[in-house]
>>> print(open('data29.cif').read())   # mmCIF, C-alpha atoms and all ligand atoms
data_protein
#
loop_
_atom_site.label_atom_id
_atom_site.label_comp_id
_atom_site.auth_asym_id
_atom_site.auth_seq_id
_atom_site.Cartn_x
_atom_site.Cartn_y
_atom_site.Cartn_z
CA MET X 17 88.98 136.06 90.31
CA ILE X 18 89.29 132.81 88.37
CA ASN X 19 89.51 129.86 90.74
CA ARG X 20 90.54 126.23 90.43
CA PRO X 21 87.86 123.98 88.93
CA ARG X 22 85.77 122.07 91.48
CA GLY X 23 87.35 118.83 92.68
CA THR X 24 90.91 119.82 91.68
CA ARG X 25 93.86 120.90 93.79
CA ASP X 26 97.04 122.90 93.41
CA LEU X 27 99.90 120.78 94.68
CA LEU X 28 102.32 123.22 96.20
CA LEU X 29 105.92 123.17 97.42
CA GLU X 30 106.07 121.03 100.61
CA GLU X 31 103.21 118.82 99.46
CA MET X 32 104.88 118.27 96.11
CA GLU X 33 108.07 117.29 97.90
CA LYS X 34 106.23 114.73 100.04
CA ARG X 35 104.61 113.34 96.91
CA LYS X 36 108.00 112.94 95.28
CA VAL X 37 109.28 110.93 98.24
CA LEU X 38 106.25 108.61 98.11
CA GLU X 39 106.37 108.28 94.33
CA ASP X 40 110.00 107.28 94.61
CA VAL X 41 109.20 104.58 97.22
CA PHE X 42 106.48 103.12 94.97
CA ARG X 43 108.67 103.21 91.87
CA ARG X 44 111.59 101.51 93.59
CA THR X 45 109.29 98.87 95.11
CA CYS X 46 107.75 98.03 91.73
CA GLU X 47 111.16 97.90 90.10
CA SER X 48 112.43 95.57 92.83
CA PHE X 49 109.58 93.23 91.78
CA GLY X 50 110.71 93.40 88.13
CA TYR X 51 108.02 95.83 86.91
CA ARG X 52 108.77 98.47 84.23
CA GLU X 53 107.07 101.82 83.68
CA VAL X 54 104.55 102.72 80.98
CA LEU X 55 102.46 105.84 80.37
CA THR X 56 99.34 106.02 78.21
CA PRO X 57 97.58 109.15 76.84
CA THR X 58 95.54 111.36 79.17
CA PHE X 59 92.51 110.91 76.91
CA GLU X 60 91.20 107.89 75.02
CA HIS X 61 88.24 106.97 72.82
CA THR X 62 85.23 106.98 75.17
CA GLU X 63 84.33 103.55 73.84
CA LEU X 64 87.35 102.08 75.62
CA PHE X 65 85.66 102.77 78.95
CA THR X 66 82.03 102.13 77.98
CA GLU X 67 82.70 98.84 76.16
CA ARG X 68 82.79 96.77 79.34
CA SER X 69 80.91 99.00 81.76
CA GLY X 70 78.07 100.18 79.50
CA PRO X 71 76.91 103.76 78.76
CA SER X 72 75.98 104.42 82.43
CA ILE X 73 79.66 105.00 83.16
CA ILE X 74 79.49 108.16 80.98
CA ASP X 75 78.01 110.01 83.98
CA SER X 76 81.30 109.67 85.81
CA LEU X 77 83.51 110.38 82.79
CA TYR X 78 84.94 113.66 81.59
CA ALA X 79 83.62 112.87 78.11
CA PHE X 80 83.76 115.34 75.21
CA LYS X 81 83.77 115.64 71.44
CA ASP X 82 86.91 116.99 69.80
CA LYS X 83 86.84 119.40 66.86
CA SER X 84 86.51 116.52 64.42
CA GLY X 85 83.59 115.04 66.34
CA ARG X 86 85.52 112.16 67.94
CA GLU X 87 84.03 110.93 71.22
CA LEU X 88 86.88 111.14 73.74
CA SER X 89 87.24 110.91 77.52
CA LEU X 90 89.87 111.81 80.07
CA ARG X 91 91.03 108.51 81.56
CA PRO X 92 89.12 107.56 84.74
CA GLU X 93 91.70 104.83 85.41
CA PHE X 94 94.66 103.15 83.70
CA THR X 95 93.66 99.51 83.40
CA ALA X 96 91.69 99.67 80.14
CA PRO X 97 94.27 102.06 78.54
CA VAL X 98 97.18 99.83 79.57
CA ILE X 99 95.51 96.73 78.14
CA ARG X 100 94.82 98.71 74.95
CA ALA X 101 98.50 99.73 74.83
CA TYR X 102 99.50 96.12 75.42
CA VAL X 103 97.36 94.95 72.49
CA GLU X 104 98.68 97.74 70.23
CA GLY X 105 102.34 97.66 71.12
CA LEU X 106 103.47 94.98 73.54
CA ARG X 107 101.66 91.84 72.49
CA GLU X 108 104.71 90.17 71.04
CA ARG X 109 106.80 90.64 74.18
CA PRO X 110 107.62 87.57 76.28
CA LYS X 111 105.32 86.96 79.26
CA PRO X 112 104.92 87.70 82.05
CA LEU X 113 104.82 91.38 81.25
CA LYS X 114 105.02 93.46 84.40
CA LEU X 115 103.96 97.08 83.96
CA TYR X 116 103.56 99.98 86.35
CA TYR X 117 102.27 103.51 85.86
CA PHE X 118 101.73 106.78 87.68
CA GLY X 119 99.60 109.69 86.60
CA PRO X 120 96.45 111.77 87.00
CA THR X 121 93.02 110.21 86.46
CA PHE X 122 89.68 112.00 86.17
CA ARG X 123 86.21 111.14 87.44
CA TYR X 124 83.17 113.37 87.46
CA GLU X 125 82.21 112.62 91.08
CA ARG X 126 80.80 114.64 93.92
CA PRO X 127 83.93 116.03 95.59
CA GLN X 128 84.46 115.56 99.32
CA ALA X 129 87.38 114.93 101.68
CA GLY X 130 89.63 112.41 99.91
CA ARG X 131 87.44 112.31 96.80
CA TYR X 132 88.53 114.49 93.91
CA ARG X 133 87.71 114.94 90.26
CA GLU X 134 91.38 114.85 89.41
CA PHE X 135 93.38 112.36 91.46
CA TRP X 136 96.55 110.35 90.98
CA GLN X 137 96.83 106.63 90.64
CA PHE X 138 99.96 104.55 91.06
CA GLY X 139 99.22 101.13 89.68
CA THR X 140 100.40 97.96 88.02
CA GLU X 141 99.26 95.34 85.55
CA LEU X 142 100.70 91.83 85.39
CA ILE X 143 99.95 90.33 82.00
CA GLY X 144 100.32 86.66 81.10
CA PRO X 145 100.37 84.28 84.04
CA ASP X 146 97.10 82.94 85.40
CA THR X 147 98.24 81.09 88.49
CA PRO X 148 97.71 81.48 92.24
CA ARG X 149 101.37 82.52 92.45
CA ALA X 150 100.70 85.42 90.06
CA ASP X 151 97.76 86.60 92.21
CA ALA X 152 100.00 86.32 95.27
CA GLU X 153 102.73 88.39 93.55
CA ASN X 154 100.10 91.01 92.70
CA ILE X 155 98.83 91.30 96.28
CA ALA X 156 102.32 91.08 97.76
CA LEU X 157 103.53 94.00 95.64
CA ALA X 158 100.63 96.22 96.76
CA TYR X 159 101.29 95.21 100.37
CA GLU X 160 105.02 95.92 99.98
CA CYS X 161 104.28 99.39 98.53
CA MET X 162 102.26 100.25 101.64
CA ARG X 163 104.81 98.71 104.00
CA ARG X 164 107.80 100.47 102.44
CA ALA X 165 105.88 103.76 102.43
CA GLY X 166 105.70 103.32 106.21
CA LEU X 167 101.91 102.99 106.52
CA GLU X 168 100.91 100.94 109.55
CA ASP X 169 97.24 101.48 110.24
CA PHE X 170 95.61 99.75 107.27
CA LYS X 171 93.43 96.73 106.57
CA LEU X 172 93.76 94.35 103.66
CA ASN X 173 90.62 92.49 102.56
CA ILE X 174 90.97 89.61 100.11
CA SER X 175 88.22 87.74 98.30
CA HIS X 176 87.48 85.57 95.25
CA LEU X 177 84.50 86.65 93.15
CA GLY X 178 84.00 83.04 92.07
CA VAL X 179 82.84 82.16 95.58
CA LEU X 180 79.74 84.37 95.46
CA GLU X 181 79.18 83.45 91.84
CA THR X 182 79.14 79.73 92.72
CA PHE X 183 76.80 80.48 95.61
CA PHE X 184 74.38 82.29 93.26
CA ASN X 185 74.63 79.62 90.56
CA GLU X 186 74.01 76.78 92.95
CA ARG X 187 70.88 78.52 94.20
CA ASN X 188 69.68 79.54 90.73
CA ILE X 189 69.72 83.26 91.45
CA SER X 190 72.43 84.33 89.00
CA GLU X 191 70.02 86.64 87.22
CA ASP X 192 69.58 88.89 90.24
CA ALA X 193 73.25 88.68 91.12
CA GLY X 194 74.05 92.11 89.60
CA ASP X 195 71.75 93.92 92.04
CA ILE X 196 73.04 91.89 94.94
CA TYR X 197 76.68 92.68 94.09
CA HIS X 198 75.73 96.33 93.88
CA ALA X 199 74.06 96.21 97.32
CA ILE X 200 77.08 94.45 98.81
CA ASP X 201 79.46 96.98 97.27
CA ASN X 202 77.42 99.85 98.69
CA GLU X 203 77.02 98.13 102.05
CA SER X 204 73.23 98.33 101.70
CA MET X 205 72.25 94.72 102.35
CA ASP X 206 68.82 95.77 103.60
CA ASP X 207 67.91 96.67 100.02
CA ILE X 208 68.31 93.10 98.82
CA GLU X 209 64.98 91.50 98.11
CA CYS X 210 65.07 87.72 98.36
CA GLU X 211 63.83 84.88 100.55
CA VAL X 212 64.69 85.24 104.22
CA GLU X 213 66.51 81.93 104.29
CA LEU X 214 68.63 82.84 101.29
CA LYS X 215 69.42 86.22 102.75
CA MET X 216 70.57 84.64 105.98
CA GLU X 217 72.78 82.25 104.03
CA LEU X 218 74.19 85.18 102.06
CA GLU X 219 74.89 87.11 105.23
CA THR X 220 76.64 84.05 106.65
CA ILE X 221 78.84 83.74 103.59
CA LEU X 222 79.78 87.41 103.69
CA GLU X 223 80.89 87.09 107.28
CA SER X 224 82.42 83.63 107.21
CA ASP X 225 85.88 82.25 106.95
CA ILE X 226 87.05 79.86 104.26
CA ASP X 227 86.43 76.61 106.13
CA LYS X 228 82.84 77.41 106.97
CA ILE X 229 82.05 78.43 103.40
CA LYS X 230 83.48 75.23 101.98
CA ASN X 231 80.57 73.40 103.58
CA MET X 232 78.03 75.72 101.96
CA LEU X 233 79.17 75.09 98.36
CA ASN X 234 79.31 71.99 96.19
CA ASP X 235 81.90 73.40 93.80
CA THR X 236 84.86 74.47 95.93
CA SER X 237 87.28 75.29 93.10
CA SER X 238 87.28 79.08 93.79
CA ILE X 239 87.80 78.54 97.51
CA ASP X 240 90.62 76.10 96.81
CA TYR X 241 92.25 78.58 94.42
CA LEU X 242 92.02 81.35 97.01
CA GLN X 243 93.55 79.06 99.62
CA GLU X 244 96.54 78.48 97.31
CA VAL X 245 96.98 82.24 96.89
CA LEU X 246 96.93 82.71 100.66
CA ASN X 247 99.42 79.88 101.16
CA CYS X 248 101.73 81.58 98.70
CA LEU X 249 101.34 84.96 100.46
CA GLU X 250 102.94 83.30 103.52
CA LYS X 251 106.12 82.93 101.49
CA TYR X 252 106.22 86.74 101.16
CA GLY X 253 105.88 87.05 104.95
CA ILE X 254 102.21 88.01 104.61
CA GLY X 255 100.58 85.67 107.11
CA SER X 256 96.89 85.47 107.99
CA GLU X 257 97.28 88.08 110.76
CA LYS X 258 98.01 90.68 108.05
CA TYR X 259 94.73 90.37 106.08
CA SER X 260 91.08 89.33 106.32
CA VAL X 261 89.31 87.05 103.90
CA ASN X 262 86.18 89.06 103.28
CA PHE X 263 83.63 87.98 100.68
CA SER X 264 81.87 91.33 100.75
CA THR X 265 84.87 92.76 98.88
CA VAL X 266 83.32 92.69 95.40
CA ARG X 267 84.97 95.74 93.70
CA GLY X 268 82.97 98.34 91.82
CA LEU X 269 84.37 97.92 88.31
CA ASP X 270 82.85 95.39 85.93
CA TYR X 271 85.91 93.62 84.63
CA TYR X 272 87.00 91.64 87.71
CA LYS X 273 86.51 87.89 87.82
CA GLY X 274 88.76 86.03 90.30
CA VAL X 275 90.81 87.04 93.31
CA VAL X 276 90.21 90.66 94.31
CA PHE X 277 91.45 92.80 97.19
CA GLU X 278 91.22 96.23 98.78
CA PHE X 279 93.31 98.16 101.25
CA GLU X 280 91.58 100.50 103.67
CA ALA X 281 92.99 103.14 105.99
CA GLU X 282 90.51 103.55 108.83
CA SER X 283 91.85 107.01 109.66
CA LEU X 284 90.37 108.36 106.42
CA GLY X 285 86.69 107.98 107.33
CA ALA X 286 84.21 107.64 104.46
CA GLU X 287 86.75 107.59 101.61
CA LYS X 288 89.04 105.07 103.24
CA GLN X 289 89.83 102.81 100.31
CA ILE X 290 93.45 103.47 99.41
CA CYS X 291 94.06 100.67 96.95
CA GLY X 292 92.04 98.16 94.98
CA GLY X 293 92.72 95.49 92.43
CA GLY X 294 92.63 91.88 91.41
CA ASP X 295 92.19 89.49 88.54
CA TYR X 296 90.22 90.75 85.53
CA THR X 297 89.40 90.17 81.85
CA LEU X 298 89.73 93.05 79.39
CA GLY X 299 91.80 91.68 76.50
CA ASP X 300 88.61 90.17 75.06
CA ILE X 301 87.27 93.59 74.08
CA PHE X 302 90.12 93.64 71.55
CA GLY X 303 89.60 89.98 70.62
CA VAL X 304 92.69 88.98 72.60
CA GLU X 305 92.66 86.30 75.25
CA VAL X 306 95.19 87.09 77.94
CA SER X 307 95.29 86.81 81.70
CA SER X 308 95.73 90.08 83.59
CA LYS X 309 95.91 91.12 87.23
CA GLY X 310 96.74 94.44 88.77
CA PHE X 311 95.94 97.12 91.30
CA ALA X 312 95.85 100.88 91.65
CA ILE X 313 96.83 102.83 94.71
CA GLY X 314 94.94 106.04 95.33
CA PHE X 315 98.08 108.15 95.64
CA ASP X 316 96.41 111.20 97.22
CA ARG X 317 94.50 109.23 99.84
CA THR X 318 97.56 107.17 100.75
CA LEU X 319 99.51 110.36 101.30
CA ILE X 320 96.79 111.74 103.58
CA ALA X 321 96.81 108.47 105.55
CA LEU X 322 100.59 108.68 105.89
CA GLU X 323 100.35 112.30 107.01
CA LYS X 324 97.85 111.30 109.69
CA GLU X 325 100.39 108.76 110.96
CA GLY X 326 103.15 111.36 110.80
CA LYS X 327 104.96 109.27 108.17
CA ALA X 328 104.77 111.43 105.06
CA GLY X 329 108.46 111.79 104.27
CA ASP X 330 110.09 115.14 103.85
CA ILE X 331 112.96 115.40 101.45
CA GLN X 332 116.04 115.69 103.63
CA ARG X 333 117.76 118.42 101.72
CA ASN X 334 121.16 119.72 102.67
CA ASN X 335 120.48 122.86 100.75
CA CYS X 336 122.24 126.14 101.17
CA TYR X 337 121.74 129.82 100.59
CA LEU X 338 124.66 131.84 99.30
CA ILE X 339 124.94 135.39 100.53
CA PRO X 340 127.55 137.56 98.73
CA ILE X 341 128.48 140.60 100.76
CA GLY X 342 129.47 143.49 98.49
CA GLU X 343 129.98 143.71 94.75
CA GLU X 344 133.66 142.61 95.05
CA SER X 345 132.71 139.16 96.29
CA MET X 346 130.26 138.49 93.44
CA ASP X 347 132.62 136.64 91.02
CA TYR X 348 133.94 134.48 93.83
CA ALA X 349 130.37 133.77 95.09
CA TYR X 350 129.22 132.68 91.61
CA GLU X 351 132.23 130.37 91.39
CA VAL X 352 131.19 128.72 94.67
CA LEU X 353 127.55 128.57 93.48
CA THR X 354 128.53 126.73 90.28
CA THR X 355 130.78 124.29 92.17
CA LEU X 356 127.99 123.38 94.59
CA ARG X 357 125.30 123.09 91.92
CA GLU X 358 127.50 120.95 89.70
CA ASP X 359 128.06 118.62 92.62
CA GLY X 360 124.28 118.34 93.08
CA VAL X 361 123.99 120.39 96.28
CA PRO X 362 120.74 122.38 95.98
CA THR X 363 121.99 125.96 96.18
CA ASP X 364 120.38 129.33 95.76
CA ILE X 365 121.93 132.81 95.77
CA GLU X 366 120.64 136.11 97.14
CA MET X 367 119.38 138.12 94.15
CA MET X 368 117.52 140.98 95.81
CA ASP X 369 120.56 142.85 97.21
CA ARG X 370 119.15 142.55 100.74
CA SER X 371 121.24 143.12 103.85
CA VAL X 372 122.98 140.12 105.44
CA GLY X 373 120.39 140.12 108.24
CA LYS X 374 117.46 140.10 105.86
CA SER X 375 119.08 137.46 103.65
CA LEU X 376 119.64 135.20 106.67
CA SER X 377 116.07 135.72 107.78
CA TYR X 378 114.83 134.70 104.32
CA ALA X 379 117.07 131.58 104.36
CA ASP X 380 115.68 130.68 107.77
CA ARG X 381 112.01 131.17 106.84
CA THR X 382 112.42 129.27 103.58
CA GLY X 383 113.94 126.27 105.37
CA PHE X 384 117.51 126.33 104.06
CA LYS X 385 119.77 124.16 106.19
CA TYR X 386 122.90 126.24 105.65
CA SER X 387 123.83 129.73 104.61
CA ILE X 388 127.18 130.50 103.09
CA LEU X 389 128.50 134.00 103.65
CA ILE X 390 131.09 135.38 101.29
CA GLY X 391 132.62 138.79 101.98
CA GLU X 392 135.91 140.54 101.47
CA ASP X 393 137.73 138.40 104.10
CA GLU X 394 136.58 135.14 102.55
CA VAL X 395 137.66 136.25 99.07
CA LYS X 396 141.11 137.26 100.34
CA SER X 397 141.68 134.02 102.28
CA ASP X 398 140.11 131.66 99.72
CA SER X 399 137.55 130.52 102.25
CA VAL X 400 133.80 130.51 102.92
CA THR X 401 131.80 130.96 106.11
CA ILE X 402 129.10 128.36 106.68
CA LYS X 403 126.24 128.94 109.09
CA ASN X 404 124.05 126.07 110.27
CA MET X 405 120.60 127.67 110.23
CA LYS X 406 119.19 125.39 112.91
CA SER X 407 121.95 125.46 115.53
CA GLY X 408 123.26 128.90 114.59
CA GLU X 409 126.81 127.50 114.60
CA GLN X 410 129.15 129.25 112.20
CA SER X 411 132.61 128.28 110.93
CA THR X 412 135.02 129.45 108.26
CA ILE X 413 136.57 126.76 106.09
CA GLU X 414 138.89 126.64 103.09
CA LYS X 415 136.95 126.91 99.85
CA ASP X 416 138.58 123.77 98.43
CA THR X 417 137.22 121.65 101.27
CA LEU X 418 133.61 122.80 100.78
CA LEU X 419 132.38 119.76 98.82
CA GLU X 420 134.03 117.42 101.29
CA VAL X 421 132.32 119.23 104.16
CA PHE X 422 128.95 118.92 102.42
CA ARG X 423 129.49 115.20 101.93
CA GLN X 424 130.09 114.91 105.66
CA PHE X 425 126.85 116.83 106.34
CA GLU X 426 125.01 114.40 104.08
CA ALA X 427 126.39 111.40 105.93
CA GLU X 428 125.28 112.81 109.31
P1 LIG W 501 89.55 101.84 91.74
O1 LIG W 501 89.20 101.13 93.02
O2 LIG W 501 88.42 102.41 90.97
O3 LIG W 501 90.35 100.80 90.87
O4 LIG W 501 90.57 103.00 92.04
C1 LIG W 501 91.80 102.73 92.71
C2 LIG W 501 92.00 103.70 93.86
O5 LIG W 501 91.91 105.05 93.38
C3 LIG W 501 90.94 103.62 94.95
O6 LIG W 501 91.24 102.59 95.86
C4 LIG W 501 91.04 105.02 95.59
O7 LIG W 501 92.07 105.02 96.56
C5 LIG W 501 91.48 105.88 94.43
N1 LIG W 501 90.34 106.73 93.98
C6 LIG W 501 89.28 106.34 93.24
N2 LIG W 501 88.46 107.40 92.99
C7 LIG W 501 89.02 108.47 93.61
C8 LIG W 501 88.67 109.86 93.72
N3 LIG W 501 87.59 110.37 93.15
N4 LIG W 501 89.48 110.68 94.44
C9 LIG W 501 90.61 110.19 95.02
N5 LIG W 501 91.00 108.90 94.92
C10 LIG W 501 90.22 108.04 94.24
C11 LIG W 501 90.84 101.07 89.62
O8 LIG W 501 90.88 102.17 89.14
C12 LIG W 501 91.39 99.87 88.91
N6 LIG W 501 91.86 100.30 87.58
C13 LIG W 501 92.50 99.21 89.70
C14 LIG W 501 93.12 98.04 88.99
C15 LIG W 501 94.28 98.04 88.32
N7 LIG W 501 92.59 96.85 88.88
C16 LIG W 501 93.39 96.08 88.15
N8 LIG W 501 94.41 96.80 87.80
#
>>> encode(input="data29.cif", output="structure tokens", more="lines below")
Ligand code: HAM
Amino acid sequence: MINRPRGTRDLLLEEMEKRKVLEDVFRRTCESFGYREVLTPTFEHTELFTERSGPSIIDSLYAFKDKSGRELSLRPEFTAPVIRAYVEGLRERPKPLKLYYFGPTFRYERPQAGRYREFWQFGTELIGPDTPRADAENIALAYECMRRAGLEDFKLNISHLGVLETFFNERNISEDAGDIYHAIDNESMDDIECEVELKMELETILESDIDKIKNMLNDTSSIDYLQEVLNCLEKYGIGSEKYSVNFSTVRGLDYYKGVVFEFEAESLGAEKQICGGGDYTLGDIFGVEVSSKGFAIGFDRTLIALEKEGKAGDIQRNNCYLIPIGEESMDYAYEVLTTLREDGVPTDIEMMDRSVGKSLSYADRTGFKYSILIGEDEVKSDSVTIKNMKSGEQSTIEKDTLLEVFRQFEAE
């Protein structure tokens, strides 16, 4: 038996339908913010990902050589590819450029609940403006995606990487900063080796609010910038009760520089981060100077979180199963089938010549909302018999009124 590769999933029937509902919510939300869709290739030159992060990232890449010896990798994320696509094809467009994307991404990680080797990201990149209002728009869109999806039990942490950077610079410890960021990101503060006093100060900063930190730094420009972003978030209805300012949010990827943020769904346990993003620099690897901010939602994890809250939407389908009774009703049944399908009503027809009882049982088990029975009587009287599969109610109506009746069902 050949099985699925480790860390991958088959997305089947009901799950696929729930995904479509969520995808649609995210798409409509992005479009309501003026974003437009892009899609980049599934694989890129490996260099695109190692350029900023260094060769160590290769361990988590699906990297391979093609038949001509090119070093390629399946995309582990969309940000670097989208900036590459911007440089190659969208540079001349007026700014701001607001892009969104949805697709599978690949990371060679140790699989566990909520962590896969193939997973889907729904994300955005906002290219051009470098203002607090642009950071606020970025965060507000991510927040709105979660809100419109119906997720309630989540935390939003916001930070500015410049705050820690200023702290390190003012204490002349910038050289060790990389290790410290790493320890903060992995929540392993005990591993940090530095003077006790400094460590206590660092712990204070990681736990403090904006006002307290202002007194610990000489250069307050990053804090002031963050404050402006937060003030602007108010205008979107995202007040301070909806997020935490948390300076231990440092993000794992190497390209971030300014305001960063993460959404967490507590219900997910270890792999609880459902979205991450912020302000970053990547254009410079192509010799282009351009401001960029974005985020990516972990689509699979968000869906699990929604399921846990009972909010993963089912497609409300008024679908029906057509059951022709006897060979004589076949032409008439196919006429009805075509009429319904052309009107967009999802309709299927019995093809296995089963008895009416067995056909109805199949319609019931498969989740059809209605069955339509067409026998000799219906053909003679130009009618159809509709059975509501849930209530069991059955009525015979004129064939010409069928579409009207379905529209009424839809409105109910
Ligand atoms: P990231 O935090 O690496 O950011 O990934 C974004 C989201 O993808 C995470 O918050 C998580 O929900 C999901 N995710 C990551 N790895 C896995 C996995 N192995 N299995 C399931 N879900 C996973 C980025 O990728 C940045 N490109 C985001 C960004 C866009 N920043 C600016 N623009």
>>> residues_around(input="data29.cif", residues="segment 274-284 of chain X", least_positions_apart="4", cutoff="7 Å", atoms="all atoms listed in the file", output="list of chain:residue names")
X:Asp169, X:Phe170, X:Lys171, X:Leu172, X:Asn173, X:Ile174, X:Ser175, X:His176, X:Leu177, X:Gly178, X:Leu242, X:Thr265, X:Lys288, X:Gln289, X:Ile290, X:Cys291, X:Gly292, X:Gly293, X:Gly294, X:Asp295, X:Tyr296, X:Ala321
>>> residues_near_ligand(input="data29.cif", ligand="ligand LIG 501 (chain W)", cutoff="9 Å", atoms="all atoms listed in the file", output="PyMOL selection string")
chain X and resi 23+92-96+121-142+267-269+271-272+276+278-280+287-296+308-318
>>> atom_distance(input="data29.cif", atom1="atom CA of Arg187 of chain X", atom2="atom CA of Ile208 of chain X")
15.5 Å
>>> residues_near_point(input="data29.cif", point="(91.6, 112.2, 76.1)", cutoff="8 Å", atoms="all atoms listed in the file", output="PDB file with C-alpha atoms, keeping the file's coordinate frame")
ATOM      1  CA  PRO X  57      97.580 109.150  76.840  1.00  0.00           C
ATOM      2  CA  THR X  58      95.540 111.360  79.170  1.00  0.00           C
ATOM      3  CA  PHE X  59      92.510 110.910  76.910  1.00  0.00           C
ATOM      4  CA  GLU X  60      91.200 107.890  75.020  1.00  0.00           C
ATOM      5  CA  HIS X  61      88.240 106.970  72.820  1.00  0.00           C
ATOM      6  CA  LEU X  88      86.880 111.140  73.740  1.00  0.00           C
ATOM      7  CA  SER X  89      87.240 110.910  77.520  1.00  0.00           C
ATOM      8  CA  LEU X  90      89.870 111.810  80.070  1.00  0.00           C
ATOM      9  CA  ARG X  91      91.030 108.510  81.560  1.00  0.00           C
TER      10      ARG X  91
END
>>> closest_residue(input="data29.cif", among="X:Leu38, X:Val304, X:Asn234, X:Ala150", to="Glu104 of chain X", atoms="all atoms listed in the file")
X:Val304
>>> atom_distance(input="data29.cif", atom1="atom CA of Gln424 of chain X", atom2="atom CA of Cys336 of chain X")
14.4 Å
>>> atom_distance(input="data29.cif", atom1="atom CA of Lys374 of chain X", atom2="atom CA of Ile339 of chain X")
10.3 Å
>>> residues_around(input="data29.cif", residues="segment 397-412 of chain X", least_positions_apart="4", cutoff="12 Å", atoms="all atoms listed in the file", output="PyMOL selection string")
chain X and resi 334-341+345+348-349+351-353+375-393+416-419+421-422+425
